[in-house]
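input_18.pdb (PDB, C-alpha atoms, pLDDT in the B column) appears below.
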ATOM      1  CA  ALA A   1      -2.727 -46.493 -34.122  1.00 77.00           C
ATOM      2  CA  GLN A   2      -5.947 -44.736 -34.924  1.00 82.00           C
ATOM      3  CA  SER A   3      -7.684 -45.052 -38.244  1.00 89.00           C
ATOM      4  CA  VAL A   4     -10.896 -43.934 -39.850  1.00 93.00           C
ATOM      5  CA  ALA A   5     -12.612 -45.526 -42.817  1.00 95.00           C
ATOM      6  CA  GLN A   6     -15.202 -43.955 -45.061  1.00 95.00           C
ATOM      7  CA  PRO A   7     -16.144 -46.821 -47.357  1.00 95.00           C
ATOM      8  CA  GLU A   8     -18.050 -44.744 -49.903  1.00 95.00           C
ATOM      9  CA  ASP A   9     -16.273 -42.296 -52.187  1.00 94.00           C
ATOM     10  CA  GLN A  10     -19.595 -40.847 -53.247  1.00 96.00           C
ATOM     11  CA  VAL A  11     -23.176 -40.932 -52.050  1.00 98.00           C
ATOM     12  CA  ASN A  12     -26.052 -39.816 -54.242  1.00 97.00           C
ATOM     13  CA  VAL A  13     -29.455 -39.017 -52.804  1.00 98.00           C
ATOM     14  CA  ALA A  14     -32.564 -37.245 -53.987  1.00 98.00           C
ATOM     15  CA  GLU A  15     -33.565 -34.026 -52.299  1.00 97.00           C
ATOM     16  CA  GLY A  16     -36.024 -34.663 -49.494  1.00 97.00           C
ATOM     17  CA  ASN A  17     -34.817 -38.199 -48.902  1.00 98.00           C
ATOM     18  CA  PRO A  18     -32.832 -39.227 -45.838  1.00 98.00           C
ATOM     19  CA  LEU A  19     -29.080 -39.443 -46.209  1.00 97.00           C
ATOM     20  CA  THR A  20     -26.404 -41.493 -44.495  1.00 98.00           C
ATOM     21  CA  VAL A  21     -22.658 -41.087 -44.828  1.00 98.00           C
ATOM     22  CA  LYS A  22     -20.792 -43.977 -43.292  1.00 98.00           C
ATOM     23  CA  CYS A  23     -17.764 -43.920 -41.003  1.00 98.00           C
ATOM     24  CA  THR A  24     -16.042 -46.634 -39.010  1.00 97.00           C
ATOM     25  CA  TYR A  25     -13.107 -46.164 -36.720  1.00 95.00           C
ATOM     26  CA  SER A  26     -10.350 -47.998 -34.933  1.00 92.00           C
ATOM     27  CA  VAL A  27      -8.842 -46.537 -31.774  1.00 87.00           C
ATOM     28  CA  SER A  28      -7.328 -47.648 -28.531  1.00 83.00           C
ATOM     29  CA  GLY A  29      -9.276 -46.269 -25.628  1.00 82.00           C
ATOM     30  CA  ASN A  30     -12.305 -44.037 -25.822  1.00 83.00           C
ATOM     31  CA  PRO A  31     -12.865 -42.415 -29.182  1.00 87.00           C
ATOM     32  CA  TYR A  32     -13.339 -38.721 -29.786  1.00 92.00           C
ATOM     33  CA  LEU A  33     -15.114 -38.546 -33.143  1.00 95.00           C
ATOM     34  CA  PHE A  34     -15.835 -35.641 -35.451  1.00 95.00           C
ATOM     35  CA  TRP A  35     -17.624 -34.836 -38.685  1.00 97.00           C
ATOM     36  CA  TYR A  36     -16.589 -31.955 -40.915  1.00 95.00           C
ATOM     37  CA  VAL A  37     -17.955 -30.652 -44.208  1.00 95.00           C
ATOM     38  CA  GLN A  38     -15.938 -29.019 -46.958  1.00 92.00           C
ATOM     39  CA  TYR A  39     -17.335 -26.955 -49.803  1.00 91.00           C
ATOM     40  CA  PRO A  40     -15.243 -26.421 -52.951  1.00 85.00           C
ATOM     41  CA  ASN A  41     -12.086 -24.393 -52.363  1.00 79.00           C
ATOM     42  CA  ARG A  42     -12.949 -23.857 -48.723  1.00 83.00           C
ATOM     43  CA  GLY A  43     -11.635 -25.080 -45.409  1.00 84.00           C
ATOM     44  CA  LEU A  44     -13.397 -27.547 -43.178  1.00 89.00           C
ATOM     45  CA  GLN A  45     -16.501 -26.617 -41.258  1.00 91.00           C
ATOM     46  CA  PHE A  46     -17.293 -28.403 -38.028  1.00 90.00           C
ATOM     47  CA  LEU A  47     -20.600 -30.291 -37.991  1.00 94.00           C
ATOM     48  CA  LEU A  48     -20.622 -32.269 -34.782  1.00 94.00           C
ATOM     49  CA  LYS A  49     -18.578 -34.334 -32.379  1.00 93.00           C
ATOM     50  CA  TYR A  50     -18.917 -37.221 -29.981  1.00 94.00           C
ATOM     51  CA  ILE A  51     -16.922 -37.204 -26.784  1.00 90.00           C
ATOM     52  CA  THR A  52     -19.128 -39.000 -24.311  1.00 86.00           C
ATOM     53  CA  GLY A  53     -22.763 -39.216 -23.278  1.00 87.00           C
ATOM     54  CA  ASP A  54     -25.710 -39.820 -25.591  1.00 90.00           C
ATOM     55  CA  ASN A  55     -24.948 -41.966 -28.573  1.00 93.00           C
ATOM     56  CA  LEU A  56     -27.034 -39.726 -30.836  1.00 96.00           C
ATOM     57  CA  VAL A  57     -25.281 -36.434 -31.413  1.00 96.00           C
ATOM     58  CA  LYS A  58     -27.046 -33.499 -33.024  1.00 96.00           C
ATOM     59  CA  GLY A  59     -25.049 -30.961 -34.963  1.00 94.00           C
ATOM     60  CA  SER A  60     -25.224 -28.073 -37.380  1.00 91.00           C
ATOM     61  CA  TYR A  61     -27.585 -27.749 -40.370  1.00 93.00           C
ATOM     62  CA  GLY A  62     -29.866 -30.565 -39.203  1.00 96.00           C
ATOM     63  CA  PHE A  63     -27.181 -33.237 -39.246  1.00 97.00           C
ATOM     64  CA  GLU A  64     -26.834 -35.888 -36.601  1.00 97.00           C
ATOM     65  CA  ALA A  65     -24.593 -38.871 -36.031  1.00 98.00           C
ATOM     66  CA  GLU A  66     -24.985 -42.057 -34.085  1.00 96.00           C
ATOM     67  CA  PHE A  67     -22.106 -43.497 -32.122  1.00 96.00           C
ATOM     68  CA  ASN A  68     -22.218 -47.291 -32.093  1.00 95.00           C
ATOM     69  CA  LYS A  69     -19.506 -48.769 -29.939  1.00 93.00           C
ATOM     70  CA  SER A  70     -20.173 -52.421 -30.807  1.00 94.00           C
ATOM     71  CA  GLN A  71     -19.949 -51.694 -34.526  1.00 95.00           C
ATOM     72  CA  THR A  72     -17.233 -49.039 -34.092  1.00 95.00           C
ATOM     73  CA  SER A  73     -19.247 -46.750 -36.322  1.00 97.00           C
ATOM     74  CA  PHE A  74     -20.177 -43.096 -36.356  1.00 98.00           C
ATOM     75  CA  HIS A  75     -22.459 -42.622 -39.343  1.00 98.00           C
ATOM     76  CA  LEU A  76     -23.633 -39.161 -40.309  1.00 98.00           C
ATOM     77  CA  LYS A  77     -27.332 -38.771 -41.013  1.00 98.00           C
ATOM     78  CA  LYS A  78     -29.916 -36.220 -42.020  1.00 98.00           C
ATOM     79  CA  PRO A  79     -33.651 -36.923 -42.242  1.00 97.00           C
ATOM     80  CA  SER A  80     -34.250 -34.813 -45.350  1.00 97.00           C
ATOM     81  CA  ALA A  81     -31.428 -33.889 -47.712  1.00 97.00           C
ATOM     82  CA  LEU A  82     -31.092 -30.523 -49.436  1.00 97.00           C
ATOM     83  CA  VAL A  83     -29.299 -29.745 -52.683  1.00 97.00           C
ATOM     84  CA  SER A  84     -27.159 -27.322 -50.663  1.00 95.00           C
ATOM     85  CA  ASP A  85     -25.872 -30.265 -48.594  1.00 97.00           C
ATOM     86  CA  SER A  86     -23.857 -31.374 -51.604  1.00 97.00           C
ATOM     87  CA  ALA A  87     -20.245 -31.236 -50.431  1.00 96.00           C
ATOM     88  CA  LEU A  88     -17.313 -33.334 -49.261  1.00 94.00           C
ATOM     89  CA  TYR A  89     -17.716 -34.863 -45.812  1.00 96.00           C
ATOM     90  CA  PHE A  90     -14.885 -35.996 -43.564  1.00 95.00           C
ATOM     91  CA  CYS A  91     -15.006 -38.186 -40.507  1.00 96.00           C
ATOM     92  CA  ALA A  92     -12.127 -37.793 -38.054  1.00 95.00           C
ATOM     93  CA  VAL A  93     -10.892 -39.274 -34.815  1.00 93.00           C
ATOM     94  CA  ARG A  94      -8.701 -37.585 -32.268  1.00 88.00           C
ATOM     95  CA  VAL A  95      -5.341 -39.252 -31.888  1.00 73.00           C
ATOM     96  CA  THR A  96      -4.886 -40.858 -28.494  1.00 69.00           C
ATOM     97  CA  GLY A  97      -2.100 -39.120 -26.638  1.00 71.00           C
ATOM     98  CA  GLY A  98      -1.597 -36.695 -29.502  1.00 68.00           C
ATOM     99  CA  GLY A  99      -3.184 -33.620 -28.003  1.00 72.00           C
ATOM    100  CA  ASN A 100      -5.763 -32.387 -30.480  1.00 78.00           C
ATOM    101  CA  LYS A 101      -4.206 -34.098 -33.473  1.00 85.00           C
ATOM    102  CA  LEU A 102      -6.800 -35.617 -35.794  1.00 89.00           C
ATOM    103  CA  THR A 103      -6.765 -38.544 -38.179  1.00 89.00           C
ATOM    104  CA  PHE A 104      -9.118 -38.038 -41.117  1.00 92.00           C
ATOM    105  CA  GLY A 105     -10.996 -40.452 -43.293  1.00 93.00           C
ATOM    106  CA  THR A 106     -10.643 -40.246 -47.049  1.00 92.00           C
ATOM    107  CA  GLY A 107     -13.827 -38.245 -47.436  1.00 94.00           C
ATOM    108  CA  THR A 108     -17.204 -38.919 -49.010  1.00 96.00           C
ATOM    109  CA  GLN A 109     -18.616 -36.737 -51.741  1.00 95.00           C
ATOM    110  CA  LEU A 110     -22.317 -36.207 -51.163  1.00 97.00           C
ATOM    111  CA  LYS A 111     -24.428 -35.265 -54.146  1.00 97.00           C
ATOM    112  CA  VAL A 112     -28.020 -34.297 -53.580  1.00 97.00           C
ATOM    113  CA  GLU A 113     -30.109 -34.047 -56.722  1.00 96.00           C
ATOM    114  CA  LEU A 114     -33.506 -32.585 -57.433  1.00 92.00           C
TER
ATOM    115  CA  GLY B   1     -16.405 -17.496 -31.982  1.00 61.00           C
ATOM    116  CA  ALA B   2     -13.422 -19.681 -32.913  1.00 81.00           C
ATOM    117  CA  VAL B   3     -12.611 -18.026 -36.220  1.00 89.00           C
ATOM    118  CA  VAL B   4      -9.425 -18.866 -38.069  1.00 93.00           C
ATOM    119  CA  SER B   5      -8.245 -16.847 -41.038  1.00 94.00           C
ATOM    120  CA  GLN B   6      -5.677 -17.586 -43.708  1.00 96.00           C
ATOM    121  CA  HIS B   7      -3.928 -15.172 -45.976  1.00 96.00           C
ATOM    122  CA  PRO B   8      -3.691 -15.169 -48.897  1.00 96.00           C
ATOM    123  CA  SER B   9      -6.688 -17.189 -50.035  1.00 95.00           C
ATOM    124  CA  TRP B  10      -4.922 -17.907 -53.293  1.00 95.00           C
ATOM    125  CA  VAL B  11      -1.496 -17.233 -54.741  1.00 97.00           C
ATOM    126  CA  ILE B  12       0.213 -17.835 -58.055  1.00 97.00           C
ATOM    127  CA  CYS B  13       3.984 -17.734 -58.157  1.00 96.00           C
ATOM    128  CA  LYS B  14       6.879 -18.594 -60.415  1.00 96.00           C
ATOM    129  CA  SER B  15       8.962 -21.686 -59.898  1.00 97.00           C
ATOM    130  CA  GLY B  16      11.889 -21.041 -57.568  1.00 96.00           C
ATOM    131  CA  THR B  17      10.262 -18.317 -55.522  1.00 97.00           C
ATOM    132  CA  SER B  18       9.154 -18.602 -51.897  1.00 97.00           C
ATOM    133  CA  VAL B  19       5.616 -18.115 -50.678  1.00 97.00           C
ATOM    134  CA  LYS B  20       4.453 -17.324 -47.165  1.00 97.00           C
ATOM    135  CA  ILE B  21       1.002 -18.285 -45.891  1.00 97.00           C
ATOM    136  CA  GLU B  22      -0.356 -16.849 -42.657  1.00 97.00           C
ATOM    137  CA  CYS B  23      -2.769 -18.518 -40.289  1.00 96.00           C
ATOM    138  CA  ARG B  24      -4.400 -16.473 -37.549  1.00 95.00           C
ATOM    139  CA  SER B  25      -6.800 -17.336 -34.768  1.00 93.00           C
ATOM    140  CA  LEU B  26      -8.929 -14.219 -34.529  1.00 92.00           C
ATOM    141  CA  ASP B  27     -10.811 -14.605 -31.273  1.00 89.00           C
ATOM    142  CA  PHE B  28      -8.911 -17.144 -29.233  1.00 89.00           C
ATOM    143  CA  GLN B  29      -5.378 -18.129 -28.342  1.00 90.00           C
ATOM    144  CA  ALA B  30      -4.116 -21.280 -29.983  1.00 88.00           C
ATOM    145  CA  THR B  31      -1.367 -23.171 -28.250  1.00 85.00           C
ATOM    146  CA  THR B  32      -1.112 -25.477 -31.220  1.00 91.00           C
ATOM    147  CA  MET B  33      -1.613 -24.954 -34.927  1.00 93.00           C
ATOM    148  CA  PHE B  34      -1.660 -27.622 -37.586  1.00 94.00           C
ATOM    149  CA  TRP B  35      -0.791 -27.384 -41.268  1.00 96.00           C
ATOM    150  CA  TYR B  36      -2.423 -29.665 -43.812  1.00 95.00           C
ATOM    151  CA  ARG B  37      -2.081 -30.210 -47.505  1.00 95.00           C
ATOM    152  CA  GLN B  38      -4.939 -31.395 -49.660  1.00 90.00           C
ATOM    153  CA  PHE B  39      -4.820 -32.645 -53.235  1.00 84.00           C
ATOM    154  CA  PRO B  40      -7.931 -32.515 -55.416  1.00 80.00           C
ATOM    155  CA  LYS B  41     -10.682 -34.793 -54.179  1.00 75.00           C
ATOM    156  CA  GLN B  42      -8.426 -36.252 -51.511  1.00 81.00           C
ATOM    157  CA  SER B  43      -8.261 -36.140 -47.772  1.00 85.00           C
ATOM    158  CA  LEU B  44      -6.215 -33.781 -45.676  1.00 88.00           C
ATOM    159  CA  MET B  45      -2.615 -34.779 -45.147  1.00 90.00           C
ATOM    160  CA  LEU B  46      -1.103 -33.462 -41.936  1.00 92.00           C
ATOM    161  CA  MET B  47       2.211 -31.806 -42.684  1.00 95.00           C
ATOM    162  CA  ALA B  48       3.264 -30.505 -39.299  1.00 94.00           C
ATOM    163  CA  THR B  49       2.214 -29.548 -35.809  1.00 93.00           C
ATOM    164  CA  SER B  50       3.274 -26.162 -34.591  1.00 91.00           C
ATOM    165  CA  ASN B  51       3.472 -25.092 -30.956  1.00 87.00           C
ATOM    166  CA  GLU B  52       3.961 -21.483 -29.957  1.00 84.00           C
ATOM    167  CA  GLY B  53       7.562 -20.683 -29.201  1.00 82.00           C
ATOM    168  CA  SER B  54       8.990 -24.036 -30.184  1.00 84.00           C
ATOM    169  CA  LYS B  55      10.050 -25.869 -33.293  1.00 88.00           C
ATOM    170  CA  ALA B  56       7.393 -27.513 -35.399  1.00 92.00           C
ATOM    171  CA  THR B  57       7.012 -31.265 -35.470  1.00 92.00           C
ATOM    172  CA  TYR B  58       6.915 -32.541 -39.037  1.00 95.00           C
ATOM    173  CA  GLU B  59       5.175 -35.654 -40.239  1.00 93.00           C
ATOM    174  CA  GLN B  60       7.184 -38.368 -41.907  1.00 93.00           C
ATOM    175  CA  GLY B  61       8.049 -37.522 -45.471  1.00 93.00           C
ATOM    176  CA  VAL B  62       7.560 -33.765 -45.120  1.00 95.00           C
ATOM    177  CA  GLU B  63      10.732 -31.766 -45.776  1.00 94.00           C
ATOM    178  CA  LYS B  64      11.214 -29.305 -42.944  1.00 92.00           C
ATOM    179  CA  ASP B  65      13.677 -27.229 -44.956  1.00 94.00           C
ATOM    180  CA  LYS B  66      11.153 -26.975 -47.752  1.00 96.00           C
ATOM    181  CA  PHE B  67       8.161 -26.094 -45.626  1.00 97.00           C
ATOM    182  CA  LEU B  68       9.266 -23.654 -42.955  1.00 96.00           C
ATOM    183  CA  ILE B  69       6.848 -23.138 -40.098  1.00 94.00           C
ATOM    184  CA  ASN B  70       7.010 -20.340 -37.574  1.00 91.00           C
ATOM    185  CA  HIS B  71       4.617 -20.013 -34.655  1.00 89.00           C
ATOM    186  CA  ALA B  72       5.596 -16.648 -33.289  1.00 83.00           C
ATOM    187  CA  SER B  73       2.585 -15.983 -31.096  1.00 89.00           C
ATOM    188  CA  LEU B  74      -0.527 -17.649 -29.753  1.00 90.00           C
ATOM    189  CA  THR B  75      -2.539 -16.228 -32.637  1.00 93.00           C
ATOM    190  CA  LEU B  76      -0.212 -16.488 -35.625  1.00 93.00           C
ATOM    191  CA  SER B  77       1.566 -19.275 -37.457  1.00 94.00           C
ATOM    192  CA  THR B  78       3.184 -19.004 -40.866  1.00 95.00           C
ATOM    193  CA  LEU B  79       4.056 -21.617 -43.464  1.00 97.00           C
ATOM    194  CA  THR B  80       6.712 -20.678 -46.001  1.00 97.00           C
ATOM    195  CA  VAL B  81       7.074 -22.835 -49.071  1.00 97.00           C
ATOM    196  CA  THR B  82      10.681 -22.270 -50.098  1.00 97.00           C
ATOM    197  CA  SER B  83      11.885 -22.530 -53.676  1.00 96.00           C
ATOM    198  CA  ALA B  84       8.460 -23.587 -54.805  1.00 96.00           C
ATOM    199  CA  HIS B  85       8.029 -25.959 -57.729  1.00 96.00           C
ATOM    200  CA  PRO B  86       4.942 -26.981 -59.696  1.00 96.00           C
ATOM    201  CA  GLU B  87       4.581 -30.159 -57.620  1.00 94.00           C
ATOM    202  CA  ASP B  88       4.060 -27.943 -54.554  1.00 95.00           C
ATOM    203  CA  SER B  89       0.853 -26.668 -56.088  1.00 95.00           C
ATOM    204  CA  SER B  90      -1.899 -27.658 -53.710  1.00 94.00           C
ATOM    205  CA  PHE B  91      -4.535 -26.470 -51.275  1.00 94.00           C
ATOM    206  CA  TYR B  92      -3.002 -25.690 -47.892  1.00 96.00           C
ATOM    207  CA  ILE B  93      -5.223 -25.599 -44.819  1.00 94.00           C
ATOM    208  CA  CYS B  94      -4.307 -24.589 -41.313  1.00 95.00           C
ATOM    209  CA  SER B  95      -6.138 -25.218 -38.098  1.00 94.00           C
ATOM    210  CA  ALA B  96      -5.806 -23.638 -34.700  1.00 93.00           C
ATOM    211  CA  SER B  97      -6.376 -25.604 -31.571  1.00 88.00           C
ATOM    212  CA  SER B  98      -7.572 -24.716 -28.118  1.00 80.00           C
ATOM    213  CA  SER B  99      -9.928 -27.415 -26.877  1.00 76.00           C
ATOM    214  CA  GLU B 100     -10.338 -28.711 -30.442  1.00 79.00           C
ATOM    215  CA  GLN B 101      -9.276 -27.817 -33.949  1.00 86.00           C
ATOM    216  CA  PHE B 102     -10.829 -24.944 -35.858  1.00 90.00           C
ATOM    217  CA  PHE B 103      -9.959 -24.734 -39.527  1.00 93.00           C
ATOM    218  CA  GLY B 104      -9.010 -21.863 -41.746  1.00 94.00           C
ATOM    219  CA  PRO B 105     -10.553 -21.373 -45.191  1.00 92.00           C
ATOM    220  CA  GLY B 106      -7.482 -22.648 -47.005  1.00 93.00           C
ATOM    221  CA  THR B 107      -4.937 -21.218 -49.439  1.00 95.00           C
ATOM    222  CA  ARG B 108      -4.748 -22.318 -53.059  1.00 95.00           C
ATOM    223  CA  LEU B 109      -1.118 -22.288 -54.206  1.00 96.00           C
ATOM    224  CA  THR B 110      -0.317 -22.561 -57.892  1.00 96.00           C
ATOM    225  CA  VAL B 111       3.311 -22.686 -58.940  1.00 96.00           C
ATOM    226  CA  LEU B 112       3.970 -22.002 -62.604  1.00 96.00           C
TER
END

Have the structure of the file written as structure tokens, please.
Amino acid sequence: AQSVAQPEDQVNVAEGNPLTVKCTYSVSGNPYLFWYVQYPNRGLQFLLKYITGDNLVKGSYGFEAEFNKSQTSFHLKKPSALVSDSALYFCAVRVTGGGNKLTFGTGTQLKVEL
Amino acid sequence: GAVVSQHPSWVICKSGTSVKIECRSLDFQATTMFWYRQFPKQSLMLMATSNEGSKATYEQGVEKDKFLINHASLTLSTLTVTSAHPEDSSFYICSASSSEQFFGPGTRLTVL
């Protein structure tokens, strides 16, 4: 069975500093990995995905994520955080043999402060 | 492209009444739609998978008679919370799937 772990409930970072939101996964077969962002009382917005190819994936709003097969990780990164990046971030993995069904991590609240 | 809408965005109802939430894919056809429930500061919990023209597949622990799902067309799925109670109060999110999932903005349900 697939699973996704986001070990940090909350990440605090100062504006202008780099940010990392961690995600590790467990799947059988090749992983399809996703990052989504959720603002209060809103649905999920797609940030980026890894299917195959380059391990460094670039996405929306300056975010990127690095797929590391040996560490089974897919950490989300941004070189310079903005206060407006403060939101809830979810890592997800597509369920093998489940069509487009996704398994989500528990979410990480990112807080960017001035 | 790939816009998914939900209606209503929020609803308040009395205990015992039924509430219908609509999920529409506006610019693409979705063979599959998913319904999630989210409690405050928690992850999304998949409730059911809905395929056009067939019965929904419910996740373990989700009452199919309580949460009625209809996927009448490739652009519309509805979730009806029947005989709602305060414990059904939650944020309900749908997604529509073609090559991947695209999420709606969510519906805040409050049952008094």

Could you write out as an MDAnalysis selection string the residues that the ChimeraX specification (/A :<10) & /B matches in the shown file?
-> chainID B and resid 4:6 9:10 32:34 40:46 49 91:108

Residue IDs satisfying the PyMOL selection byres ((chain B and resi 64) around 12), as a PDB file with C-alpha atoms, in the frame of the given file:
ATOM      1  CA  MET B  47       2.211 -31.806 -42.684  1.00 95.00           C
ATOM      2  CA  ALA B  48       3.264 -30.505 -39.299  1.00 94.00           C
ATOM      3  CA  THR B  49       2.214 -29.548 -35.809  1.00 93.00           C
ATOM      4  CA  SER B  50       3.274 -26.162 -34.591  1.00 91.00           C
ATOM      5  CA  LYS B  55      10.050 -25.869 -33.293  1.00 88.00           C
ATOM      6  CA  ALA B  56       7.393 -27.513 -35.399  1.00 92.00           C
ATOM      7  CA  THR B  57       7.012 -31.265 -35.470  1.00 92.00           C
ATOM      8  CA  TYR B  58       6.915 -32.541 -39.037  1.00 95.00           C
ATOM      9  CA  GLU B  59       5.175 -35.654 -40.239  1.00 93.00           C
ATOM     10  CA  GLN B  60       7.184 -38.368 -41.907  1.00 93.00           C
ATOM     11  CA  GLY B  61       8.049 -37.522 -45.471  1.00 93.00           C
ATOM     12  CA  VAL B  62       7.560 -33.765 -45.120  1.00 95.00           C
ATOM     13  CA  GLU B  63      10.732 -31.766 -45.776  1.00 94.00           C
ATOM     14  CA  ASP B  65      13.677 -27.229 -44.956  1.00 94.00           C
ATOM     15  CA  LYS B  66      11.153 -26.975 -47.752  1.00 96.00           C
ATOM     16  CA  PHE B  67       8.161 -26.094 -45.626  1.00 97.00           C
ATOM     17  CA  LEU B  68       9.266 -23.654 -42.955  1.00 96.00           C
ATOM     18  CA  ILE B  69       6.848 -23.138 -40.098  1.00 94.00           C
ATOM     19  CA  ASN B  70       7.010 -20.340 -37.574  1.00 91.00           C
ATOM     20  CA  LEU B  79       4.056 -21.617 -43.464  1.00 97.00           C
ATOM     21  CA  THR B  80       6.712 -20.678 -46.001  1.00 97.00           C
ATOM     22  CA  VAL B  81       7.074 -22.835 -49.071  1.00 97.00           C
ATOM     23  CA  THR B  82      10.681 -22.270 -50.098  1.00 97.00           C
TER      24      THR B  82
END

Would you list the contacts of Ala81 in chain A as a PyMOL selection string, taking every protein, DNA or RNA residue within 8 Å and counting all atoms listed in the file, but skipping same-chain residues closer than 4 positions in sequence?
-> chain A and resi 13-19+85+112

Residues from last step as file, C-alpha atoms, as a PDB file, keeping the file's coordinate frame:
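This is the output file out-v8.pdb:
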ATOM      1  CA  VAL A  13     -29.455 -39.017 -52.804  1.00 98.00           C
ATOM      2  CA  ALA A  14     -32.564 -37.245 -53.987  1.00 98.00           C
ATOM      3  CA  GLU A  15     -33.565 -34.026 -52.299  1.00 97.00           C
ATOM      4  CA  GLY A  16     -36.024 -34.663 -49.494  1.00 97.00           C
ATOM      5  CA  ASN A  17     -34.817 -38.199 -48.902  1.00 98.00           C
ATOM      6  CA  PRO A  18     -32.832 -39.227 -45.838  1.00 98.00           C
ATOM      7  CA  LEU A  19     -29.080 -39.443 -46.209  1.00 97.00           C
ATOM      8  CA  ASP A  85     -25.872 -30.265 -48.594  1.00 97.00           C
ATOM      9  CA  VAL A 112     -28.020 -34.297 -53.580  1.00 97.00           C
TER      10      VAL A 112
END

Tell me, as a list of chain:residue names, which residues lie within 9 Å of Gln2 in chain A, counting all atoms listed in the file; anything in the same chain fewer than 5 positions away does not count.
-> A:Tyr25, A:Ser26, A:Val27, A:Ser28, A:Val93, A:Arg94, A:Val95, A:Thr96, A:Thr103

Please evaluate the PyMOL selection byres ((chain B and resi 21) around 7) against the structure above and give the resulting residues as a list in words.
->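 So the PyMOL selection byres ((chain B and resi 21) around 7) ends up selecting His7, Pro8, Val19, Lys20, Glu22, Cys23, Thr78, Leu79 and Thr80 of chain B.
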